[in-house]
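**Student:** Handing you this structure, nothing more for now.
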Amino acid sequence: MAKRDFYEILGCSKSASDADLKSAFRKLAKQCHPDSNPGDRAAEAKFKELNEAYQALSDPTKRAAYDRYGHAAFEHAAGGGFGGGDFTSSMADIFEDLFGDMMGRSRGRANGRERGSDLRHSLEITLEEAFKGKTATIKVPTSVTCEACSGTGAKAGSRPRACPTCGGHGRVRAQQGFFAIERTCPACAGRGTVIDNPCGSCSGSGRKTRDRTLSVSIPAGVEDGTRIRLAGEGEAGLRGGPAGDLYIFLSIKPHLFFQRDGADLFCRVPISIVQAALGGEFNVPTVDGGEAKVRVPEGTQSGKQFRLKGKGMPVLRTRDFGDLYIQAIVETPQSLTRRQRELLEEFEAESSNRTHPESSGFFAKVKDFIDGLGGQPSR
């Protein structure tokens with residue numbers, strides 16, 4: 001199949017300027033790049049065609065030859081195209097050059113100062129501490145700035161110098177026609193500087209490992225999984241770079257009485273069958289260390305909830321409080337004496353539908369259901 005005209009591929013005339021060719025190529029390349037059209041073989045073929053056309057027309061010598069001889073000027077080029085090599089790797093390099101800035105790649109000058117890593121520390125507290133808030137003291141192993149070299153990594157009396165390979169940029173660039181391929185400098189690992197006389201205390205890293213004791217303010221109302229950020233308290237930066245951050249992840253110890261759901265607390269309290277039937281009252285502990293009285297009305301059923309407003313947890317960074325919910329669980333008597341059995345049997349004999357309305361109503365419905373089944377024709 002005959003090749004299409006390079007100018008036609010780019011949508012330009014033969015009189016187009018270099019700037020026009022560049023603009024046309026960038027626009028079309030973004031539209032049909034394979035990464036933007038996964039699995040689209042037509043888009044990949046079109047992108048390859050655009051690449052070949054622009055590599056020829058962006059070079060003044062190749063463009064002059066093409067204008068005079070057409071495709072015949074390159075029939076003996078190595079690899080059947082311009083530049084040869086693997087097309088997949090070529091597309092990756094082109095994509096980095098075209099779209100690197102859009103993806104947030106920094107082209108700033110490196111100075112060897114690297115930000116330290118963020119650190120994570122887990123801290124377990126009690127529910128009461130989460131209720132009141134507290135100031136906790138923690139010990140964190142971390143990297144700190146080397147005092148001997150003040151974080152430069154160089155021996156006292158000397159300083160790091162600009163990397164001769166990259167000129168202090170931290171990256172080296174290779175030009176291939178219009179395309180520039182930029183990579184991390186192998187000589188300085190992207191720092192932009194080299195140290196001829198490393199500090200003997202930190203071996204040139206500019207930092208040392210040490211335990212640090214920090215004070216952490218925990219606000220009232222924190223929940224399990226709450227994250228507290230301490231800016232600049234992470235690992236020291238490399239060669240004087242800024243420190244990272246320290247993140248404190250809180251966990252709440254299981255409580256003896258309370259279960260928590262947001263700002264609300266829940267507590268299950270067993271009561272006797274007599275107390276549930278006749279009514280009464282009992283005291284329950286509250287998370288603030290006090291007590292609250294709960295009144296039980298006559299005929300309380302197992303599972304009944306009582307709400308104590310404002311007796312729950314504080315809502316983080318507000319003046320609001322959740323509620324405390326008390327769930328009454330009616331306890332069935334066990335290990336009965338003979339006399340207790342006799343009394344219960346007497347009570348059962350004196351019971352009626354009014355005494356047990358729920359069970360009486362349920363079994364009445366069961367009887368009606370069974371009777372209804374008996375009246376249906378068999379299949």
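We label chains A, B, ... in the order they appear in the structure tokens, count residues from 1 in each chain, and number ligands from 1 in the order shown.
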Skip Lys208 in chain A itself and residues of its chain fewer than 4 positions away, then list as a list in words all residues within 12 Å of it, counting only C-alpha atoms.

**Tutor:**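 Close residues of Lys208 in chain A: Pro141, Thr142, Ser143, Val144, Thr145, Cys146, Glu147, Ala148, Cys149, Ser150, Gly151, Gly153, Cys199, Gly200, Ser201, Cys202, Ser203, Gly204, Arg212, Glu235, Ala236, Gly237, Leu238, Arg239 and Gly240 of chain A.
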
**Student:** I'd like the contact shell of range 245-249 of chain A - 8 Å cut-off, only C-alpha atoms, skipping same-chain residues fewer than 6 positions apart - returned as a VMD selection string.

**Tutor:** chain A and resid 117 to 123 225 to 235

**Student:** Smallest atom-to-atom distance to Asp261 in chain A: which of A:Gly322, A:Val216, A:Thr135, A:Gly279, using only C-alpha atoms?

**Tutor:**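 Using only C-alpha atoms, Asp261 in chain A sits closest to A:Gly322.
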
**Student:** Under the rule that only C-alpha atoms are counted, which of A:Ile329, A:Ala162, A:Ile218, A:Leu278 is the nearest residue to Gly192 in chain A?

**Tutor:**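 The shortest atom-to-atom distance to Gly192 in chain A comes from A:Ala162.
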
**Student:** Which value, in Å to one decimal, gives the distance between CA of Lys30 in chain A and CA of Arg173 in chain A?

**Tutor:**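 For CA of Lys30 in chain A relative to CA of Arg173 in chain A, the distance reads 22.3 Å.
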
**Student:** Tell me, as a PDB file with N, CA, C and O atoms, in the first residue's frame, which residues lie within 10 Å of Pro285 in chain A, counting only C-alpha atoms; anything in the same chain fewer than 5 positions away does not count.

**Tutor:**
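Written output follows (result-v7.pdb):
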ATOM      1  N   PHE A 257     -18.354  -1.857  79.631  1.00  0.00           N
ATOM      2  CA  PHE A 257     -19.812  -1.722  79.608  1.00  0.00           C
ATOM      3  C   PHE A 257     -20.364  -1.194  78.291  1.00  0.00           C
ATOM      4  O   PHE A 257     -21.436  -1.610  77.861  1.00  0.00           O
ATOM      5  N   PHE A 258     -19.686  -0.248  77.677  1.00  0.00           N
ATOM      6  CA  PHE A 258     -20.270   0.516  76.587  1.00  0.00           C
ATOM      7  C   PHE A 258     -19.794   0.047  75.208  1.00  0.00           C
ATOM      8  O   PHE A 258     -18.635  -0.338  75.034  1.00  0.00           O
ATOM      9  N   CYS A 267     -25.540   0.367  76.152  1.00  0.00           N
ATOM     10  CA  CYS A 267     -25.201  -0.496  77.277  1.00  0.00           C
ATOM     11  C   CYS A 267     -26.355  -1.474  77.520  1.00  0.00           C
ATOM     12  O   CYS A 267     -27.528  -1.066  77.552  1.00  0.00           O
ATOM     13  N   GLY A 290     -19.752   9.316  86.321  1.00  0.00           N
ATOM     14  CA  GLY A 290     -20.883   9.438  87.224  1.00  0.00           C
ATOM     15  C   GLY A 290     -21.858   8.285  87.104  1.00  0.00           C
ATOM     16  O   GLY A 290     -21.518   7.200  86.608  1.00  0.00           O
ATOM     17  N   GLU A 291     -23.076   8.511  87.568  1.00  0.00           N
ATOM     18  CA  GLU A 291     -24.135   7.507  87.503  1.00  0.00           C
ATOM     19  C   GLU A 291     -25.424   8.171  87.037  1.00  0.00           C
ATOM     20  O   GLU A 291     -25.616   9.379  87.210  1.00  0.00           O
ATOM     21  N   ALA A 292     -26.291   7.374  86.448  1.00  0.00           N
ATOM     22  CA  ALA A 292     -27.598   7.871  86.015  1.00  0.00           C
ATOM     23  C   ALA A 292     -28.655   6.859  86.438  1.00  0.00           C
ATOM     24  O   ALA A 292     -28.411   5.645  86.433  1.00  0.00           O
ATOM     25  N   LYS A 293     -29.835   7.354  86.820  1.00  0.00           N
ATOM     26  CA  LYS A 293     -30.916   6.490  87.287  1.00  0.00           C
ATOM     27  C   LYS A 293     -31.869   6.191  86.129  1.00  0.00           C
ATOM     28  O   LYS A 293     -32.262   7.094  85.383  1.00  0.00           O
TER      29      LYS A 293
END

**Student:** So how many Å separate CA of Thr213 in chain A and CA of Val315 in chain A, to one decimal?

**Tutor:**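 Distance between the two atoms: 29.2 Å.
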
**Student:** Just asking: which residues within range 110-282 of chain A are strand (DSSP E or B) according to DSSP, as a VMD selection string?

**Tutor:** chain A and resid 114 119 to 125 134 to 145 154 161 to 162 171 to 176 179 to 184 193 to 194 198 207 to 218 227 to 230 238 246 to 252 259 to 261 264 to 272 280 to 282

**Student:** Could you work out how far CA of Ala29 in chain A lies from CA of Lys14 in chain A, giving the answer in Å with one decimal?

**Tutor:**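 Calculated distance between CA of Lys14 in chain A and CA of Ala29 in chain A is 19.7 Å.
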
**Student:** Near Val296 in chain A, within 10 Å and counting only C-alpha atoms, which residues show up once chain neighbours fewer than 2 positions away are dropped, as a list of chain:residue names?

**Tutor:** A:Ile271, A:Gln275, A:Ala276, A:Ala277, A:Leu278, A:Gly279, A:Gly280, A:Glu281, A:Phe282, A:Lys293, A:Val294, A:Glu298, A:Gly299, A:Thr300, A:Lys304, A:Phe306, A:Ala328

**Student:** Restricting the calculation to only C-alpha atoms: of A:Val269, A:Ile252, A:Ala72, A:Ala19, which residue gets closest to Tyr54 in chain A?

**Tutor:**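 Among A:Val269, A:Ile252, A:Ala72, A:Ala19, it is A:Ala19 that comes nearest to Tyr54 in chain A.
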
**Student:** Just asking: which residues within range 214-293 of chain A are helix (DSSP H, G or I) according to DSSP, as a list of chain:residue names?

**Tutor:**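 Helix (DSSP H, G or I) members of range 214-293 of chain A, listed: A:Ile273, A:Val274, A:Gln275, A:Ala276, A:Ala277, A:Leu278.
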
**Student:** Excluding Thr318 in chain A and any residue of its chain fewer than 5 positions from it, enumerate the residues within 12 Å of it, using only C-alpha atoms, and give them as a PyMOL selection string.

**Tutor:** chain A and resi 219-222+263+313
